[in-house]
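Raw contents of protein-v9.cif, mmCIF, C-alpha atoms:
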```cif
data_input
loop_
_atom_site.label_atom_id
_atom_site.label_comp_id
_atom_site.auth_asym_id
_atom_site.auth_seq_id
_atom_site.Cartn_x
_atom_site.Cartn_y
_atom_site.Cartn_z
CA MET A 135 140.03 100.59 98.77
CA ALA A 136 139.46 102.06 102.25
CA THR A 137 140.03 99.77 105.22
CA SER A 138 136.89 98.89 107.14
CA GLU A 139 136.67 100.59 110.52
CA ILE A 140 136.69 98.55 113.74
CA THR A 141 135.44 100.16 116.93
CA LEU A 142 135.31 98.84 120.49
CA GLU A 143 132.91 99.35 123.36
CA ALA A 144 132.13 97.68 126.68
CA VAL A 145 128.56 97.23 127.89
CA SER A 146 127.24 96.56 131.38
CA SER A 147 124.70 93.85 130.58
CA VAL A 148 124.22 91.06 128.09
CA SER A 149 120.72 92.47 127.55
CA GLN A 150 122.33 95.41 125.72
CA ILE A 151 123.50 93.05 122.97
CA PRO A 152 120.87 91.58 120.61
CA ALA A 153 120.60 87.83 121.07
CA ALA A 154 120.92 87.22 117.32
CA ASP A 155 124.20 89.13 117.16
CA TRP A 156 125.61 87.48 120.28
CA ASP A 157 124.75 83.97 119.10
CA ALA A 158 126.06 84.62 115.59
CA CYS A 159 129.43 85.29 117.22
CA ALA A 160 129.25 82.64 119.97
CA ASN A 161 127.93 79.67 118.01
CA PRO A 162 128.35 80.29 114.28
CA ALA A 163 127.26 77.48 111.99
CA VAL A 164 130.81 77.29 110.65
CA GLU A 165 133.97 77.84 112.69
CA PRO A 166 135.04 81.53 112.76
CA GLY A 167 137.91 82.98 110.82
CA LEU A 168 140.52 82.91 113.57
CA GLU A 169 142.31 79.84 112.31
CA ASP A 170 142.47 76.63 114.31
CA LEU A 171 140.30 77.69 117.26
CA ASP A 172 139.68 74.01 117.91
CA THR A 173 137.80 72.41 120.76
CA LEU A 174 139.69 70.27 123.29
CA ALA A 175 139.16 67.03 121.39
CA SER A 176 142.15 64.71 121.54
CA PRO A 177 143.86 63.91 118.24
CA GLY A 178 143.13 60.45 116.95
CA VAL A 179 139.79 60.04 118.75
CA PRO A 180 137.17 58.97 116.20
CA SER A 181 134.00 61.00 115.89
CA ALA A 182 130.91 59.47 117.45
CA PRO A 183 127.97 58.60 115.22
CA CYS A 184 126.24 61.67 113.78
CA ALA A 185 128.44 64.12 115.74
CA GLY A 186 129.87 65.61 112.57
CA SER A 187 126.42 66.31 111.11
CA ARG A 188 125.60 69.01 113.72
CA PRO A 189 126.94 72.55 113.66
CA PRO A 190 129.27 73.38 116.57
CA TYR A 191 127.29 74.47 119.62
CA ASN A 192 128.40 75.30 123.13
CA PRO A 193 125.43 76.10 125.41
CA PHE A 194 127.52 78.03 127.93
CA VAL A 195 128.43 80.81 125.51
CA SER A 196 124.87 81.27 124.28
CA HIS A 197 123.03 84.54 124.89
CA ALA A 198 120.39 82.57 126.80
CA PHE A 199 122.88 81.26 129.36
CA PHE A 200 124.46 84.66 130.05
CA SER A 201 120.98 86.19 130.24
CA ALA A 202 120.01 83.61 132.85
CA VAL A 203 123.06 84.20 135.09
CA GLU A 204 122.70 87.97 134.88
CA ALA A 205 118.91 88.40 135.00
CA SER A 206 118.68 85.98 137.93
CA GLY A 207 121.06 88.10 140.01
CA SER A 208 123.64 85.34 140.10
CA ALA A 209 126.30 87.31 138.18
CA CYS A 210 125.89 91.03 138.81
CA ALA A 211 127.72 93.91 140.45
CA ARG A 212 126.14 93.09 143.82
CA THR A 213 127.71 89.61 143.80
CA GLY A 214 131.07 90.91 142.59
CA TRP A 215 130.50 90.07 138.93
CA GLY A 216 130.03 93.41 137.16
CA PRO A 217 129.43 92.78 133.42
CA ARG A 218 131.85 94.54 131.06
CA HIS A 219 131.24 92.64 127.83
CA LEU A 220 133.65 93.79 125.13
CA ILE A 221 132.21 94.33 121.65
CA ALA A 222 134.10 94.82 118.38
CA ARG A 223 132.07 96.44 115.60
CA LEU A 224 133.11 96.26 111.97
CA ASP A 225 131.61 99.23 110.10
CA GLY A 226 129.00 99.46 112.84
CA ALA A 227 127.98 95.78 112.87
CA ILE A 228 128.90 93.48 115.75
CA ALA A 229 131.73 91.22 114.59
CA GLY A 230 133.22 89.96 117.85
CA ILE A 231 132.48 89.76 121.57
CA VAL A 232 134.39 88.79 124.70
CA PRO A 233 132.15 87.94 127.68
CA CYS A 234 133.86 89.82 130.49
CA TYR A 235 133.27 90.80 134.12
CA LEU A 236 134.86 93.32 136.46
CA LYS A 237 135.41 91.38 139.67
CA SER A 238 136.06 92.28 143.28
CA HIS A 239 137.07 88.76 144.36
CA SER A 240 138.28 85.41 142.94
CA GLN A 241 135.25 83.24 143.69
CA GLY A 242 133.34 81.11 141.21
CA GLU A 243 136.18 80.85 138.66
CA TYR A 244 137.86 77.43 139.21
CA VAL A 245 141.23 78.73 138.01
CA PHE A 246 142.74 79.79 141.28
CA ASP A 247 144.69 83.04 141.55
CA ARG A 248 144.18 83.83 145.24
CA GLY A 249 147.89 83.20 145.88
CA TRP A 250 148.75 85.84 143.28
CA ALA A 251 146.34 88.29 144.91
CA ASP A 252 147.71 87.66 148.41
CA ALA A 253 151.33 88.09 147.31
CA TYR A 254 150.60 91.29 145.40
CA GLU A 255 148.65 92.86 148.24
CA ARG A 256 151.33 91.92 150.79
CA ALA A 257 153.77 93.79 148.57
CA GLY A 258 151.52 96.87 148.68
CA GLY A 259 149.64 96.36 145.40
CA ARG A 260 145.89 96.30 144.74
CA TYR A 261 144.82 93.14 142.93
CA TYR A 262 141.09 93.87 142.81
CA PRO A 263 139.28 94.84 140.72
CA LYS A 264 140.34 92.47 137.98
CA LEU A 265 138.75 91.52 134.65
CA GLN A 266 137.50 87.98 134.13
CA ALA A 267 136.76 86.81 130.57
CA SER A 268 134.84 83.66 131.30
CA VAL A 269 131.48 81.99 131.80
CA PRO A 270 130.49 82.66 135.43
CA PHE A 271 130.59 79.67 137.79
CA THR A 272 131.34 77.32 134.89
CA PRO A 273 134.63 75.37 134.60
CA ALA A 274 133.90 74.23 131.04
CA SER A 275 136.12 74.73 128.03
CA GLY A 276 134.86 76.77 125.10
CA PRO A 277 135.42 79.87 122.97
CA ARG A 278 136.19 83.14 124.71
CA LEU A 279 136.94 85.29 121.65
CA LEU A 280 133.50 85.07 120.04
CA ILE A 281 133.88 85.96 116.37
CA ARG A 282 131.16 86.14 113.76
CA ASN A 283 131.54 83.91 110.73
CA GLY A 284 132.48 85.68 107.50
CA VAL A 285 134.79 88.33 108.95
CA LYS A 286 138.58 88.33 109.10
CA GLY A 287 138.94 86.48 112.35
CA ASP A 288 142.61 87.25 112.93
CA ARG A 289 141.95 90.99 112.61
CA ILE A 290 138.92 90.90 114.91
CA GLY A 291 140.79 88.64 117.33
CA ALA A 292 143.72 91.06 117.47
CA THR A 293 141.32 93.93 118.09
CA LEU A 294 139.63 92.05 120.93
CA ALA A 295 142.98 91.14 122.49
CA GLY A 296 144.10 94.76 122.41
CA GLY A 297 140.68 95.81 123.65
CA LEU A 298 141.02 93.64 126.75
CA VAL A 299 144.33 95.31 127.60
CA ALA A 300 142.79 98.75 127.03
CA LEU A 301 139.77 97.82 129.16
CA CYS A 302 142.11 96.72 131.93
CA ASP A 303 143.67 100.17 131.93
CA ALA A 304 140.34 102.00 131.65
CA THR A 305 138.85 100.17 134.65
CA SER A 306 142.03 100.41 136.77
CA ALA A 307 142.08 96.61 136.94
CA SER A 308 145.23 94.76 137.91
CA SER A 309 144.85 92.02 135.32
CA VAL A 310 142.74 90.20 132.74
CA HIS A 311 142.06 86.47 133.05
CA VAL A 312 140.72 84.54 130.05
CA THR A 313 139.89 81.16 131.56
CA PHE A 314 138.91 77.78 130.11
CA ALA A 315 139.71 79.06 126.64
CA ARG A 316 140.44 76.87 123.67
CA GLU A 317 144.11 76.07 123.22
CA ALA A 318 144.56 78.10 120.05
CA GLU A 319 142.88 81.11 121.63
CA ALA A 320 145.21 81.01 124.62
CA LYS A 321 148.25 80.77 122.33
CA PHE A 322 146.88 83.59 120.17
CA LEU A 323 146.55 85.82 123.25
CA ALA A 324 150.14 84.97 124.22
CA GLU A 325 151.18 87.06 121.20
CA TYR A 326 149.59 90.06 122.95
CA ASP A 327 151.44 89.83 126.28
CA PHE A 328 149.12 87.34 127.94
CA LEU A 329 150.75 84.58 130.03
CA LEU A 330 149.77 80.97 129.35
CA ARG A 331 148.47 78.76 132.13
CA ASN A 332 147.62 75.06 131.99
CA ASP A 333 145.43 73.12 134.36
CA GLN A 334 143.86 69.68 134.32
CA GLN A 335 140.38 68.19 134.26
CA PHE A 336 139.09 64.67 133.71
CA HIS A 337 137.01 63.99 130.60
CA TRP A 338 135.42 60.87 129.17
CA ARG A 339 135.94 60.11 125.48
CA ASN A 340 133.54 58.17 123.29
CA GLN A 341 135.56 55.64 121.29
CA GLY A 342 132.57 54.83 119.07
CA TYR A 343 130.80 52.80 121.78
CA GLY A 344 127.39 51.42 120.93
CA SER A 345 126.36 50.88 124.55
CA PHE A 346 127.55 51.22 128.13
CA ASP A 347 128.53 47.55 128.00
CA ASP A 348 130.81 48.35 125.06
CA PHE A 349 132.51 50.95 127.22
CA LEU A 350 132.86 48.46 130.06
CA GLY A 351 134.46 46.04 127.63
CA SER A 352 137.29 48.51 127.06
CA LEU A 353 138.24 48.47 130.76
CA ASN A 354 140.45 46.06 132.60
CA SER A 355 138.72 43.38 134.63
CA ARG A 356 139.19 45.00 138.03
CA HIS A 357 137.67 48.31 137.06
CA ARG A 358 134.92 46.71 135.00
CA LYS A 359 133.78 44.66 137.99
CA ALA A 360 134.03 47.66 140.33
CA ILE A 361 131.81 49.81 138.13
CA LYS A 362 129.19 47.08 137.81
CA ARG A 363 129.15 46.74 141.59
CA GLU A 364 128.90 50.50 142.13
CA ARG A 365 125.98 50.83 139.71
CA ARG A 366 124.17 47.95 141.39
CA ASP A 367 124.76 49.25 144.92
CA ALA A 368 123.78 52.83 143.99
CA VAL A 369 120.14 51.84 143.48
CA ALA A 370 119.98 49.07 146.08
CA SER A 371 117.74 51.01 148.48
CA GLY A 372 114.76 51.19 146.15
CA ILE A 373 116.17 54.18 144.27
CA THR A 374 115.09 54.89 140.71
CA ILE A 375 117.00 57.11 138.27
CA HIS A 376 115.23 59.51 135.91
CA ALA A 377 116.84 61.41 133.03
CA LEU A 378 114.80 64.55 132.32
CA THR A 379 115.14 66.84 129.32
CA GLY A 380 113.00 69.46 127.63
CA SER A 381 109.40 69.71 128.82
CA ASP A 382 109.94 66.82 131.25
CA ILE A 383 111.77 69.26 133.54
CA THR A 384 108.98 70.83 135.60
CA GLU A 385 109.15 73.60 138.18
CA ASP A 386 108.67 70.91 140.83
CA ALA A 387 111.81 69.20 139.56
CA TRP A 388 113.67 72.52 139.65
CA ASP A 389 112.46 73.12 143.22
CA ALA A 390 113.81 69.75 144.27
CA PHE A 391 117.10 70.21 142.45
CA PHE A 392 117.62 73.67 143.94
CA ALA A 393 117.19 72.18 147.42
CA PHE A 394 119.92 69.64 146.57
CA TYR A 395 122.13 72.38 145.16
CA MET A 396 121.73 74.58 148.24
CA GLU A 397 122.35 71.74 150.68
CA THR A 398 125.52 70.50 148.99
CA GLY A 399 126.75 73.92 147.88
CA SER A 400 126.40 75.38 151.37
CA ARG A 401 128.61 72.64 152.76
CA LYS A 402 131.24 73.04 150.02
CA TRP A 403 131.38 76.80 149.44
CA GLY A 404 129.43 78.44 152.27
CA ARG A 405 127.19 80.39 149.87
CA PRO A 406 126.12 78.80 146.59
CA TYR A 407 126.51 81.00 143.54
CA LEU A 408 123.30 80.41 141.57
CA THR A 409 119.88 81.72 142.60
CA ARG A 410 116.63 79.79 142.32
CA SER A 411 115.43 82.00 139.46
CA PHE A 412 118.49 81.04 137.39
CA PHE A 413 117.14 77.50 137.03
CA SER A 414 113.68 78.67 136.01
CA LEU A 415 115.17 81.00 133.41
CA VAL A 416 117.32 78.19 132.02
CA GLY A 417 114.25 75.97 131.98
CA GLU A 418 112.34 78.56 129.96
CA SER A 419 115.01 79.34 127.38
CA MET A 420 117.34 76.31 127.28
CA ALA A 421 115.30 73.25 128.26
CA LYS A 422 116.43 71.37 125.15
CA ASP A 423 120.04 71.93 126.22
CA VAL A 424 119.58 70.56 129.73
CA LEU A 425 119.82 67.01 131.06
CA LEU A 426 118.63 66.76 134.65
CA VAL A 427 119.46 63.37 136.16
CA MET A 428 117.34 62.83 139.26
CA ALA A 429 117.08 60.06 141.84
CA LYS A 430 113.82 59.19 143.57
CA ARG A 431 113.16 57.06 146.65
CA ASN A 432 109.85 56.42 148.41
CA GLY A 433 108.06 58.79 146.04
CA ARG A 434 110.30 61.86 146.52
CA TRP A 435 113.34 63.28 144.79
CA ILE A 436 116.49 62.78 146.88
CA ALA A 437 119.43 63.71 144.61
CA GLY A 438 120.24 65.11 141.20
CA ALA A 439 122.78 66.53 138.77
CA ILE A 440 122.43 69.14 136.04
CA ASN A 441 124.19 68.72 132.70
CA PHE A 442 124.21 70.91 129.60
CA ILE A 443 124.15 69.39 126.12
CA GLY A 444 126.43 70.68 123.37
CA SER A 445 126.72 69.53 119.77
CA ASP A 446 129.43 67.00 120.66
CA THR A 447 129.92 67.34 124.43
CA LEU A 448 127.87 66.73 127.55
CA PHE A 449 128.93 69.18 130.26
CA GLY A 450 128.36 67.97 133.81
CA ARG A 451 127.83 70.86 136.22
CA ASN A 452 126.19 70.85 139.65
CA TRP A 453 125.23 67.95 141.90
CA GLY A 454 123.38 67.79 145.19
CA ALA A 455 121.53 65.42 147.50
CA ILE A 456 119.39 65.42 150.63
CA GLU A 457 119.93 61.70 151.20
CA HIS A 458 123.33 60.07 150.87
CA HIS A 459 123.66 56.50 149.58
CA PRO A 460 126.83 54.62 148.59
CA PHE A 461 127.93 55.31 145.00
CA LEU A 462 124.79 57.34 144.14
CA HIS A 463 126.98 60.33 143.27
CA PHE A 464 129.00 58.24 140.80
CA GLU A 465 125.84 56.83 139.21
CA ILE A 466 124.11 60.18 138.77
CA CYS A 467 127.10 62.28 137.76
CA TYR A 468 129.37 59.89 135.82
CA TYR A 469 127.68 56.70 134.66
CA GLN A 470 124.38 58.28 133.63
CA ALA A 471 126.34 60.93 131.74
CA ILE A 472 128.27 58.26 129.85
CA GLU A 473 125.07 56.42 128.95
CA PHE A 474 123.45 59.61 127.70
CA ALA A 475 126.51 60.57 125.65
CA ILE A 476 126.64 57.16 124.00
CA GLY A 477 122.93 57.31 123.22
CA ARG A 478 123.21 60.79 121.70
CA GLY A 479 126.44 60.06 119.82
CA LEU A 480 128.35 62.72 121.74
CA LYS A 481 132.14 62.57 121.67
CA THR A 482 132.96 63.84 125.14
CA VAL A 483 131.72 64.18 128.70
CA GLU A 484 133.30 67.01 130.68
CA ALA A 485 132.60 66.23 134.33
CA GLY A 486 133.60 69.56 135.83
CA ALA A 487 136.59 70.62 137.88
CA GLN A 488 139.07 68.48 139.81
CA GLY A 489 138.55 64.92 141.07
CA GLU A 490 141.19 62.23 140.47
CA HIS A 491 138.57 59.68 141.60
CA LYS A 492 137.05 60.12 138.12
CA ILE A 493 139.95 58.21 136.56
CA ALA A 494 138.71 54.86 137.86
CA ARG A 495 135.34 55.64 136.19
CA GLY A 496 136.88 56.14 132.74
CA TYR A 497 137.53 59.90 132.82
CA LEU A 498 141.13 60.64 131.82
CA PRO A 499 143.30 63.76 132.28
CA GLN A 500 142.79 66.57 129.81
CA THR A 501 144.78 69.79 129.74
CA THR A 502 142.82 73.03 130.00
CA PHE A 503 144.07 76.47 128.99
CA SER A 504 143.86 80.04 130.18
CA ALA A 505 145.60 83.31 129.38
CA HIS A 506 146.46 86.08 131.84
CA TYR A 507 147.45 89.70 131.26
CA ILE A 508 149.20 91.19 134.31
CA ALA A 509 149.59 94.97 134.21
CA ASP A 510 152.31 95.29 136.85
CA THR A 511 155.65 94.22 135.35
CA GLY A 512 157.08 92.95 138.65
CA LEU A 513 154.05 90.80 139.38
CA ARG A 514 154.06 89.64 135.78
CA ARG A 515 157.66 88.40 136.01
CA ALA A 516 156.95 86.47 139.20
CA ILE A 517 153.79 84.87 137.79
CA ASP A 518 155.53 84.04 134.51
CA ASP A 519 158.22 82.12 136.37
CA TYR A 520 155.62 80.28 138.44
CA LEU A 521 153.56 79.35 135.39
CA ARG A 522 156.55 77.87 133.57
CA ARG A 523 157.10 75.44 136.45
CA GLU A 524 153.39 74.79 136.85
CA ARG A 525 152.97 73.86 133.17
CA ALA A 526 155.74 71.29 133.44
CA TYR A 527 154.13 69.79 136.54
CA VAL A 528 150.67 69.61 134.91
CA ALA A 529 152.11 67.88 131.84
CA GLU A 530 153.98 65.27 133.88
CA ALA A 531 151.02 64.65 136.19
CA GLY A 532 148.77 64.15 133.17
CA ARG A 533 151.09 61.52 131.71
CA GLU A 534 151.32 59.63 135.00
CA LEU A 535 147.58 59.68 135.63
CA THR A 536 146.79 58.57 132.08
CA ASP A 537 149.16 55.62 132.46
CA ALA A 538 147.28 54.67 135.63
CA GLY A 539 143.91 54.71 133.85
CA PRO A 540 141.39 51.85 133.94
CA PHE A 541 141.52 50.88 130.26
CA ARG A 542 142.89 47.61 129.00
CA LYS A 543 146.27 48.27 127.47
CA THR A 544 145.11 47.05 124.06
CA ALA A 545 142.09 49.41 124.21
CA GLU A 546 143.71 52.58 125.52
CA PRO A 547 143.53 55.66 123.28
CA SER A 548 146.73 56.21 121.32
#
```
I need this file expressed as structure tokens, please.
Amino acid sequence: MATSEITLEAVSSVSQIPAADWDACANPAVEPGLEDLDTLASPGVPSAPCAGSRPPYNPFVSHAFFSAVEASGSACARTGWGPRHLIARLDGAIAGIVPCYLKSHSQGEYVFDRGWADAYERAGGRYYPKLQASVPFTPASGPRLLIRNGVKGDRIGATLAGGLVALCDATSASSVHVTFAREAEAKFLAEYDFLLRNDQQFHWRNQGYGSFDDFLGSLNSRHRKAIKRERRDAVASGITIHALTGSDITEDAWDAFFAFYMETGSRKWGRPYLTRSFFSLVGESMAKDVLLVMAKRNGRWIAGAINFIGSDTLFGRNWGAIEHHPFLHFEICYYQAIEFAIGRGLKTVEAGAQGEHKIARGYLPQTTFSAHYIADTGLRRAIDDYLRRERAYVAEAGRELTDAGPFRKTAEPS
């Protein structure tokens, strides 16, 4: 029997890929054939009520999300994010995709390689352009080798891995960076000359809680009292909290949230990444996947946070405010997210990048994974040595921070 033919191509816009084909690869009803491409769930953590009854779904790898970031002008060649989505076709039909961008900088990625770029360019190399296989502006874990259900996943995965290396050469890129991948994907890519990198975020885990009070009961007395005080003080100035989803999210709410985003993002980054039209596009195509937590005082919106809802995970993303009140950030971003996750039976809240202050609020260290192909052998050797030491540091820091967590010793996850 003749072997089925696999071909590769790269396209310059997500709009060139039919949404049905993209989503069949990105969010198949059953996990794809590349064995053990698990999510970042910790072993031994019980599933929340009803979580197992839903097919796996990650909103950030959906066609709708990539369409929103590209059509809005947030991720495009003009902003240094030139789409080069890699497609594997099996006998002409799309069987696998890697969302990929040709980049002229290292902004909006949250896995920092500026030190690598500086060192390489001081030595006379040219680090940019580089290829970034990721979700733009989104430090959330999820699949990066998107493989349709019903095909031989290991074969398609191997083709995509080789295709990324070939695309690196074809675009004269210095490197390929597959960031916030699932652990098994990163290890799979390591078989194809990619270097493994670990980093750390802080995630909240649902231990089968029936209410926020149940969660509080798992904490030691000091942290339990502190959280109660913070929640009380956050709304002490006549502030009300509103959780908006679906059709409750109006254009007026998006206008207000975008003002918060611009105000806070301008202070943090200088130029925020997402345009106003991105939020309208998300509201049109993904409203059911969005939780917008908003604070109101004296009849006007004053602060808010956007979250995206997966089948078992709530992903916290951007926050902003035009009035600043004690602990309001913690209430909107962390405590409201926990309450929502418990109510929906979600297993995890990913609260974004960085922030050891999250530990006291019940968010514990979680290792994240990326894989990096470096074309230059000298640069590759130097980075490989650095990453070995960095992985050891991340592992030790995670153990120490977990031991310092707020949970009662008898209630800590095993």
TODO: On this file, the PyMOL selection byres ((chain A and resi 144) around 7) gives some set of residues; write that set as a ChimeraX atom specification.
DONE: /A:143,145-146,218-221
Excluding A:Ser411 and its own-chain neighbours fewer than 4 positions away, which residues fall within 9 Å of it when counting only C-alpha atoms? Please give them as a PDB file with C-alpha atoms, in the frame of the given file.
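And here is the file that came out, result_5.pdb:
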```
ATOM      1  CA  ALA A 202     120.010  83.610 132.850  1.00  0.00           C
ATOM      2  CA  ALA A 205     118.910  88.400 135.000  1.00  0.00           C
ATOM      3  CA  SER A 206     118.680  85.980 137.930  1.00  0.00           C
ATOM      4  CA  GLY A 207     121.060  88.100 140.010  1.00  0.00           C
ATOM      5  CA  SER A 208     123.640  85.340 140.100  1.00  0.00           C
ATOM      6  CA  LEU A 415     115.170  81.000 133.410  1.00  0.00           C
ATOM      7  CA  VAL A 416     117.320  78.190 132.020  1.00  0.00           C
TER       8      VAL A 416
END
```
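A straight line drawn from atom CA of A:Arg525 to atom CA of A:Asn332 is 5.6 Å long.
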Task: Counting all atoms listed in the file, the option among A:Gly230, A:Pro273, A:Pro460, A:Gly399 closest to A:Glu364 - done: A:Pro460
Mind checking which residues fall within 6 Å of A:Leu426, counting all atoms listed in the file, ignoring those fewer than 3 positions away in the same chain, and posting them as a PDB file with C-alpha atoms, in the frame of the given file?
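Okay, result.pdb is ready:
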```
ATOM      1  CA  ALA A 377     116.840  61.410 133.030  1.00  0.00           C
ATOM      2  CA  LEU A 378     114.800  64.550 132.320  1.00  0.00           C
ATOM      3  CA  ALA A 439     122.780  66.530 138.770  1.00  0.00           C
ATOM      4  CA  ILE A 440     122.430  69.140 136.040  1.00  0.00           C
TER       5      ILE A 440
END
```
Kindly add all heavy atoms to the incomplete stretch 196-203 of chain A and provide the output as an mmCIF file, in the coordinates of the input.
```
data_model
loop_
_atom_site.group_PDB
_atom_site.id
_atom_site.type_symbol
_atom_site.label_atom_id
_atom_site.label_comp_id
_atom_site.auth_asym_id
_atom_site.auth_seq_id
_atom_site.Cartn_x
_atom_site.Cartn_y
_atom_site.Cartn_z
ATOM 1 N N SER A 196 126.078 80.756 124.911
ATOM 2 C CA SER A 196 124.870 81.270 124.280
ATOM 3 C C SER A 196 124.364 82.510 125.009
ATOM 4 O O SER A 196 124.601 82.712 126.204
ATOM 5 C CB SER A 196 123.777 80.200 124.266
ATOM 6 O OG SER A 196 123.325 79.932 125.587
ATOM 7 N N HIS A 197 123.656 83.353 124.287
ATOM 8 C CA HIS A 197 123.030 84.540 124.890
ATOM 9 C C HIS A 197 122.073 84.118 125.993
ATOM 10 O O HIS A 197 121.999 84.785 127.050
ATOM 11 C CB HIS A 197 122.296 85.328 123.811
ATOM 12 C CG HIS A 197 121.825 86.681 124.246
ATOM 13 N ND1 HIS A 197 120.624 86.877 124.905
ATOM 14 C CD2 HIS A 197 122.389 87.917 124.118
ATOM 15 C CE1 HIS A 197 120.462 88.171 125.148
ATOM 16 N NE2 HIS A 197 121.520 88.820 124.690
ATOM 17 N N ALA A 198 121.368 83.014 125.807
ATOM 18 C CA ALA A 198 120.390 82.570 126.800
ATOM 19 C C ALA A 198 121.048 82.245 128.127
ATOM 20 O O ALA A 198 120.500 82.559 129.199
ATOM 21 C CB ALA A 198 119.636 81.345 126.273
ATOM 22 N N PHE A 199 122.234 81.618 128.109
ATOM 23 C CA PHE A 199 122.880 81.260 129.360
ATOM 24 C C PHE A 199 123.352 82.516 130.100
ATOM 25 O O PHE A 199 123.131 82.664 131.312
ATOM 26 C CB PHE A 199 124.066 80.325 129.118
ATOM 27 C CG PHE A 199 124.654 79.787 130.397
ATOM 28 C CD1 PHE A 199 124.120 78.651 130.981
ATOM 29 C CD2 PHE A 199 125.707 80.419 131.028
ATOM 30 C CE1 PHE A 199 124.640 78.155 132.179
ATOM 31 C CE2 PHE A 199 126.232 79.946 132.223
ATOM 32 C CZ PHE A 199 125.690 78.807 132.789
ATOM 33 N N PHE A 200 124.014 83.429 129.385
ATOM 34 C CA PHE A 200 124.460 84.660 130.050
ATOM 35 C C PHE A 200 123.270 85.483 130.536
ATOM 36 O O PHE A 200 123.338 86.111 131.604
ATOM 37 C CB PHE A 200 125.343 85.473 129.100
ATOM 38 C CG PHE A 200 126.755 84.983 129.028
ATOM 39 C CD1 PHE A 200 127.136 84.061 128.071
ATOM 40 C CD2 PHE A 200 127.704 85.421 129.930
ATOM 41 C CE1 PHE A 200 128.441 83.590 128.014
ATOM 42 C CE2 PHE A 200 129.012 84.964 129.880
ATOM 43 C CZ PHE A 200 129.377 84.038 128.919
ATOM 44 N N SER A 201 122.177 85.485 129.780
ATOM 45 C CA SER A 201 120.980 86.190 130.240
ATOM 46 C C SER A 201 120.472 85.593 131.539
ATOM 47 O O SER A 201 120.065 86.327 132.458
ATOM 48 C CB SER A 201 119.881 86.113 129.174
ATOM 49 O OG SER A 201 120.234 86.842 128.021
ATOM 50 N N ALA A 202 120.504 84.263 131.646
ATOM 51 C CA ALA A 202 120.010 83.610 132.850
ATOM 52 C C ALA A 202 120.874 83.947 134.067
ATOM 53 O O ALA A 202 120.351 84.241 135.151
ATOM 54 C CB ALA A 202 119.939 82.101 132.646
ATOM 55 N N VAL A 203 122.213 83.922 133.918
ATOM 56 C CA VAL A 203 123.060 84.200 135.090
ATOM 57 C C VAL A 203 122.979 85.662 135.503
ATOM 58 O O VAL A 203 123.074 85.982 136.700
ATOM 59 C CB VAL A 203 124.531 83.767 134.885
ATOM 60 C CG1 VAL A 203 124.649 82.264 134.782
ATOM 61 C CG2 VAL A 203 125.168 84.465 133.716
#
```
